[in-house]
$ cat work_1.tsv   # TSV, C-alpha atoms and all ligand atoms
chain	number	residue	atom	x	y	z
A	3	MET	CA	6.72	-5.40	-21.99
A	4	ILE	CA	6.00	-6.35	-18.39
A	5	ALA	CA	9.06	-8.64	-18.41
A	6	GLU	CA	11.39	-5.85	-19.56
A	7	ASN	CA	9.84	-3.32	-17.21
A	8	LEU	CA	10.22	-5.67	-14.28
A	9	GLN	CA	13.79	-6.51	-15.08
A	10	GLN	CA	14.71	-2.82	-15.25
A	11	LEU	CA	12.82	-2.03	-12.09
A	12	ARG	CA	14.43	-4.88	-10.15
A	13	GLU	CA	17.87	-3.80	-11.31
A	14	ARG	CA	17.26	-0.25	-10.14
A	15	ILE	CA	15.87	-1.38	-6.80
A	16	THR	CA	18.86	-3.66	-6.24
A	17	ALA	CA	21.32	-0.92	-7.24
A	18	LYS	CA	19.67	1.53	-4.87
A	19	CYS	CA	19.72	-1.02	-2.04
A	20	ILE	CA	23.42	-1.66	-2.56
A	21	GLU	CA	24.06	2.08	-2.62
A	22	CYS	CA	22.41	2.61	0.75
A	23	SER	CA	23.43	-0.72	2.32
A	24	ARG	CA	19.99	-2.24	2.49
A	25	ASN	CA	18.99	-5.84	1.90
A	26	PRO	CA	16.54	-6.02	-1.04
A	27	ASP	CA	14.87	-8.99	0.69
A	28	ASN	CA	13.57	-6.54	3.29
A	29	ILE	CA	11.61	-4.63	0.70
A	30	ARG	CA	8.32	-5.98	-0.59
A	31	LEU	CA	7.50	-4.97	-4.14
A	32	ILE	CA	3.74	-4.50	-4.55
A	33	ALA	CA	2.63	-4.33	-8.17
A	34	VAL	CA	-0.26	-1.89	-8.39
A	35	SER	CA	-2.54	-3.46	-11.00
A	36	LYS	CA	-5.48	-1.03	-10.96
A	37	PHE	CA	-7.01	-0.58	-14.45
A	38	PHE	CA	-5.14	-3.66	-15.72
A	39	GLY	CA	-6.84	-6.97	-16.43
A	40	THR	CA	-6.17	-10.35	-14.90
A	41	GLU	CA	-3.90	-11.40	-17.78
A	42	ALA	CA	-1.39	-8.71	-16.89
A	43	ILE	CA	-1.54	-9.82	-13.27
A	44	ILE	CA	-1.01	-13.47	-14.19
A	45	GLU	CA	1.95	-12.51	-16.35
A	46	ALA	CA	3.57	-10.46	-13.56
A	47	ASN	CA	2.91	-13.34	-11.18
A	48	ARG	CA	4.61	-15.74	-13.60
A	49	LEU	CA	7.61	-13.37	-13.53
A	50	GLY	CA	7.85	-13.74	-9.77
A	51	ILE	CA	5.62	-10.99	-8.37
A	52	ARG	CA	3.50	-12.23	-5.51
A	53	ASP	CA	2.05	-9.00	-4.13
A	54	PHE	CA	-0.53	-6.91	-5.95
A	55	GLY	CA	-2.24	-3.67	-4.97
A	56	GLU	CA	-5.68	-2.32	-5.83
A	57	ASN	CA	-7.33	0.94	-4.84
A	58	LYS	CA	-11.02	0.13	-5.44
A	59	ALA	CA	-12.81	-2.39	-3.27
A	60	GLN	CA	-15.04	-3.82	-6.00
A	61	GLU	CA	-12.20	-4.15	-8.48
A	62	LEU	CA	-10.22	-5.99	-5.82
A	63	ARG	CA	-13.17	-8.26	-5.05
A	64	ASP	CA	-13.69	-9.18	-8.71
A	65	LYS	CA	-10.01	-9.83	-9.42
A	66	PHE	CA	-9.75	-11.84	-6.22
A	67	ASP	CA	-12.58	-14.07	-7.39
A	68	VAL	CA	-10.81	-14.74	-10.69
A	69	LEU	CA	-7.34	-15.32	-9.25
A	70	VAL	CA	-8.35	-16.91	-6.00
A	71	ASN	CA	-5.40	-18.04	-3.86
A	72	LYS	CA	-2.84	-17.32	-6.57
A	73	VAL	CA	-1.59	-13.96	-5.36
A	74	THR	CA	-1.42	-11.77	-2.24
A	75	TRP	CA	-3.54	-8.64	-2.30
A	76	HIS	CA	-3.03	-5.22	-0.77
A	77	PHE	CA	-5.81	-2.70	-0.54
A	78	ILE	CA	-4.29	0.78	-0.97
A	79	GLY	CA	-7.19	3.12	-1.78
A	80	THR	CA	-9.79	5.14	0.04
A	81	LEU	CA	-12.13	2.70	1.72
A	82	GLN	CA	-15.81	3.35	2.24
A	83	ARG	CA	-17.41	1.74	5.20
A	84	ASN	CA	-19.93	-0.26	3.22
A	85	LYS	CA	-17.16	-1.80	1.10
A	86	VAL	CA	-14.92	-2.86	3.97
A	87	LYS	CA	-16.20	-6.43	3.71
A	88	TYR	CA	-14.72	-6.86	0.22
A	89	ALA	CA	-11.33	-5.58	1.31
A	90	VAL	CA	-11.22	-7.77	4.41
A	91	LYS	CA	-12.23	-10.83	2.40
A	92	SER	CA	-9.49	-10.32	-0.18
A	93	ALA	CA	-6.57	-8.34	1.22
A	94	GLU	CA	-3.66	-9.51	3.33
A	95	TYR	CA	-2.95	-5.85	4.14
A	96	ILE	CA	-5.20	-2.81	4.15
A	97	HIS	CA	-2.83	0.17	3.81
A	98	SER	CA	-5.28	3.02	4.05
A	99	VAL	CA	-6.85	3.11	7.51
A	100	ASP	CA	-7.35	6.69	8.65
A	101	SER	CA	-10.18	6.69	11.18
A	102	VAL	CA	-11.50	4.99	14.29
A	103	ILE	CA	-14.75	4.21	12.47
A	104	LEU	CA	-12.94	2.44	9.66
A	105	ALA	CA	-10.76	0.45	12.06
A	106	GLU	CA	-13.84	-0.61	13.98
A	107	GLU	CA	-15.65	-1.77	10.85
A	108	ILE	CA	-12.57	-3.67	9.61
A	109	ASN	CA	-12.40	-5.40	12.98
A	110	ASN	CA	-16.10	-6.32	12.81
A	111	GLN	CA	-15.76	-7.81	9.34
A	112	ALA	CA	-12.57	-9.63	10.32
A	113	ILE	CA	-14.37	-11.20	13.29
A	114	LYS	CA	-17.09	-12.47	10.92
A	115	LEU	CA	-14.47	-14.10	8.71
A	116	ASP	CA	-12.45	-15.36	11.67
A	117	LYS	CA	-9.41	-13.52	10.34
A	118	VAL	CA	-6.82	-11.22	11.83
A	119	GLN	CA	-6.57	-8.30	9.41
A	120	LYS	CA	-3.18	-6.66	8.97
A	121	ILE	CA	-3.48	-2.93	8.51
A	122	LEU	CA	-1.38	0.20	8.09
A	123	LEU	CA	-2.38	3.71	9.03
A	124	GLU	CA	-2.40	6.19	6.17
A	125	ILE	CA	-0.66	9.39	7.13
A	126	LYS	CA	-0.97	12.65	5.28
A	127	THR	CA	2.57	13.93	4.87
A	128	SER	CA	1.76	16.58	2.31
A	129	PHE	CA	-0.63	19.40	2.65
A	130	GLU	CA	-2.45	18.92	-0.60
A	131	ASP	CA	-6.12	18.80	0.19
A	132	THR	CA	-6.73	16.09	-2.36
A	133	LYS	CA	-4.80	13.49	-0.38
A	134	SER	CA	-6.41	11.56	2.42
A	135	GLY	CA	-4.83	10.39	5.64
A	136	LEU	CA	-4.26	11.39	9.23
A	137	THR	CA	-2.57	14.69	9.95
A	138	GLU	CA	-2.62	15.38	13.66
A	139	MET	CA	-0.24	13.58	16.00
A	140	PHE	CA	-3.02	13.34	18.54
A	141	ASP	CA	-5.29	11.50	16.08
A	142	VAL	CA	-2.51	9.14	15.05
A	143	LEU	CA	-1.66	8.14	18.63
A	144	ASN	CA	-5.32	7.85	19.48
A	145	LEU	CA	-5.92	5.48	16.56
A	146	VAL	CA	-2.80	3.44	17.38
A	147	ARG	CA	-4.12	3.02	20.92
A	148	TYR	CA	-7.61	2.16	19.69
A	149	CYS	CA	-6.29	-0.49	17.27
A	150	SER	CA	-4.48	-2.20	20.13
A	151	THR	CA	-7.87	-2.81	21.79
A	152	LEU	CA	-9.35	-4.53	18.72
A	153	SER	CA	-9.19	-8.33	18.75
A	154	ASN	CA	-8.95	-8.97	15.01
A	155	ILE	CA	-6.70	-6.17	13.83
A	156	GLU	CA	-2.93	-6.24	13.70
A	157	LEU	CA	-1.39	-2.83	13.16
A	158	LYS	CA	1.82	-3.35	11.20
A	159	GLY	CA	2.96	0.12	10.16
A	160	LEU	CA	2.35	3.36	8.29
A	161	MET	CA	1.63	4.35	4.72
A	162	THR	CA	1.88	7.62	2.84
A	163	MET	CA	1.77	9.19	-0.59
A	164	ALA	CA	4.32	11.90	-1.27
A	165	PRO	CA	3.11	15.15	-2.82
A	166	LEU	CA	2.90	15.33	-6.59
A	167	THR	CA	5.98	17.40	-7.32
A	168	ASP	CA	9.36	17.23	-9.06
A	169	ASP	CA	10.99	18.75	-5.99
A	170	LYS	CA	12.94	15.84	-4.55
A	171	LYS	CA	13.48	17.63	-1.27
A	172	ILE	CA	9.76	17.89	-0.62
A	173	ILE	CA	9.30	14.21	-1.49
A	174	ARG	CA	12.15	13.19	0.80
A	175	ASN	CA	10.74	15.28	3.65
A	176	SER	CA	7.48	13.42	3.35
A	177	PHE	CA	9.19	10.01	3.65
A	178	THR	CA	11.48	11.15	6.47
A	179	TYR	CA	8.43	12.39	8.31
A	180	LEU	CA	6.78	8.97	8.04
A	181	ARG	CA	9.88	7.14	9.28
A	182	ASN	CA	10.28	9.50	12.25
A	183	LEU	CA	6.62	9.14	13.07
A	184	LYS	CA	6.96	5.35	13.17
A	185	ASP	CA	9.93	5.67	15.53
A	186	LYS	CA	7.98	8.05	17.74
A	187	ILE	CA	5.00	5.69	17.93
A	188	ASN	CA	7.30	2.77	18.73
A	189	GLN	CA	8.83	4.74	21.58
A	190	SER	CA	5.47	4.62	23.27
A	191	GLY	CA	5.33	0.84	23.25
A	192	SER	CA	4.25	-0.22	19.75
A	193	ASP	CA	6.24	-2.41	17.42
A	194	LEU	CA	5.45	-1.05	13.96
A	195	ARG	CA	7.71	-2.46	11.27
A	196	GLU	CA	6.29	-1.50	7.90
A	197	LEU	CA	6.70	1.72	5.94
A	198	SER	CA	4.58	1.62	2.79
A	199	MET	CA	5.95	4.45	0.66
A	200	GLY	CA	7.37	4.97	-2.82
A	201	MET	CA	5.66	4.84	-6.22
A	202	THR	CA	6.94	4.87	-9.80
A	203	ASN	CA	8.30	8.40	-9.60
A	204	ASP	CA	9.79	8.37	-6.13
A	205	TYR	CA	10.61	4.80	-5.06
A	206	GLU	CA	14.37	5.36	-5.06
A	207	ILE	CA	14.03	8.15	-2.50
A	208	ALA	CA	11.65	5.94	-0.53
A	209	ILE	CA	14.23	3.12	-0.41
A	210	GLU	CA	16.82	5.57	0.91
A	211	GLU	CA	14.38	6.67	3.60
A	212	GLY	CA	13.59	3.15	4.80
A	213	ALA	CA	10.56	1.94	2.81
A	214	THR	CA	9.68	-1.72	3.44
A	215	MET	CA	6.83	-1.80	0.91
A	216	LEU	CA	6.93	-0.14	-2.51
A	217	ARG	CA	3.65	0.37	-4.36
A	218	ILE	CA	4.54	0.51	-8.04
A	219	GLY	CA	2.14	0.55	-10.98
A	220	SER	CA	3.17	2.25	-14.20
A	221	ALA	CA	6.85	1.24	-14.04
A	222	ILE	CA	5.63	-2.38	-14.25
A	223	PHE	CA	2.43	-2.35	-16.29
A	224	GLY	CA	2.89	0.82	-18.33
A	225	GLN	CA	0.65	3.85	-18.57
A	226	ARG	CA	-2.88	3.36	-17.24
A	227	ASP	CA	-5.80	3.98	-19.57
A	228	THR	CA	-8.25	5.33	-17.03
A	229	THR	CA	-11.05	5.51	-19.60
A	230	LYS	CA	-11.04	1.74	-20.06
A	231	ASP	CA	-12.74	-0.96	-18.02
A	232	TRP	CA	-10.16	-3.46	-16.75
A	233	ARG	CA	-12.43	-6.35	-17.75
A	234	LYS	CA	-11.97	-5.40	-21.41
A	235	SER	CA	-8.22	-4.90	-21.32
A	301	LIG	C1	-1.90	4.07	-8.24
A	301	LIG	C2	-1.25	4.04	-6.92
A	301	LIG	C3	0.10	3.70	-6.80
A	301	LIG	C4	1.02	3.39	-7.99
A	301	LIG	O1	1.25	4.51	-8.77
A	301	LIG	P1	2.38	4.53	-9.92
A	301	LIG	O2	2.77	5.95	-10.01
A	301	LIG	O3	1.73	4.01	-11.16
A	301	LIG	O4	3.50	3.67	-9.49
A	301	LIG	C5	0.64	3.65	-5.52
A	301	LIG	N1	-0.10	3.92	-4.41
A	301	LIG	C6	-1.40	4.26	-4.51
A	301	LIG	C7	-2.15	4.55	-3.25
A	301	LIG	C8	-2.02	4.32	-5.75
A	301	LIG	O5	-3.32	4.67	-5.81
$ encode --input "work_1.tsv" --output "structure tokens" --more "lines below"
Ligand SMILES: *Cc1c(COP(=O)(O)O)cnc(C)c1O
Amino acid sequence: MIAENLQQLRERITAKCIECSRNPDNIRLIAVSKFFGTEAIIEANRLGIRDFGENKAQELRDKFDVLVNKVTWHFIGTLQRNKVKYAVKSAEYIHSVDSVILAEEINNQAIKLDKVQKILLEIKTSFEDTKSGLTEMFDVLNLVRYCSTLSNIELKGLMTMAPLTDDKKIIRNSFTYLRNLKDKINQSGSDLRELSMGMTNDYEIAIEEGATMLRIGSAIFGQRDTTKDWRKS
């Protein structure tokens, strides 16, 4: 099933790229494997997927230990301070940095591991209270500036989740907002390249709006059974 899903997904991504004159090589497909076991990850890896995303620090840590050095990990979930060490140990990118305190702790853990941690800032582009991320321009610029003072952090770009809605216009607005925000930040001296946006239901809009990283779960692995422990799947 993963093979068929992936083939379909890749075809649609390529078609969309052709349609809006983008090079598919400039878009990193991150397979979001939360709730799925290591066998599914190994299978997707065998089918050419190198990047995987997880949204819980302990789940990432445990899968990392099983699949050590086989795949590239992205941490995409809400990160508690006391779990930062797991994310820094395992993830090439942490997509969900939304506070000075978190950036500081990531830097501290990265220093301990003698690593430069690539991060993205998570921006709230919808006004649903359930979503996390930065909202105020002042806070965003402040955090960008703060990150530039940290020795072991490399700020690479921005991440967002579009609102849960069928209204394509609202989804597009959210992605356009993120792209414009990146341009605005770069005008004041930064060189942010990455836009992590687009999931199963909205990745085609995200490609049109300039996404460089897609975070896709169910279109690859199927529906998640959130009542099951990934170790038993
Ligand atoms: C689960 C998750 C995804 C993937 O969601 P799908 O709709 O299954 O593609 C992407 N980003 C984040 C932050 C997630 O938690």
$ residues_near_ligand --input "work_1.tsv" --ligand "ligand LIG 301 (chain A)" --cutoff "12 Å" --atoms "only C-alpha atoms and all ligand atoms" --output "VMD selection string"
chain A and resid 11 31 to 38 54 to 58 76 to 81 96 to 99 124 to 126 133 to 135 161 to 166 198 to 206 215 to 228
$ closest_residue --input "work_1.tsv" --among "A:Lys91, A:Gln82, A:Lys158, A:Thr127" --to "Arg63 of chain A" --atoms "all atoms listed in the file"
A:Lys91
$ atom_distance --input "work_1.tsv" --atom1 "atom CA of Lys120 of chain A" --atom2 "atom CA of Ser23 of chain A"
28.1 Å
$ atom_distance --input "work_1.tsv" --atom1 "atom CA of Glu61 of chain A" --atom2 "atom CA of Ile103 of chain A"
22.7 Å
$ closest_residue --input "work_1.tsv" --among "A:Cys22, A:Leu183, A:Val118, A:Val146" --to "Glu210 of chain A" --atoms "all atoms listed in the file"
A:Cys22
$ closest_residue --input "work_1.tsv" --among "A:Ile108, A:Ile4, A:Val142, A:Ile44" --to "Asn154 of chain A" --atoms "only C-alpha atoms"
A:Ile108
$ closest_residue --input "work_1.tsv" --among "A:Arg233, A:Phe177, A:Met139, A:Asn28" --to "Val68 of chain A" --atoms "only C-alpha atoms"
A:Arg233
$ axis_aligned_box --input "work_1.tsv" --around "segment 146-161 of chain A" --padding-each-side "6 Å" --output "AutoDock Vina command-line options"
--center_x -3.2 --center_y -2.3 --center_z 13.3 --size_x 24.3 --size_y 25.3 --size_z 29.1
$ atom_distance --input "work_1.tsv" --atom1 "atom CA of Ile121 of chain A" --atom2 "atom CA of Ile155 of chain A"
7.0 Å
$ closest_residue --input "work_1.tsv" --among "A:Ile173, A:Asn25, A:Gly191, A:Arg181" --to "Arg147 of chain A" --atoms "all atoms listed in the file"
A:Gly191
$ closest_residue --input "work_1.tsv" --among "A:Leu62, A:Ala213, A:Ile207, A:Ile43" --to "Lys85 of chain A" --atoms "all atoms listed in the file"
A:Leu62
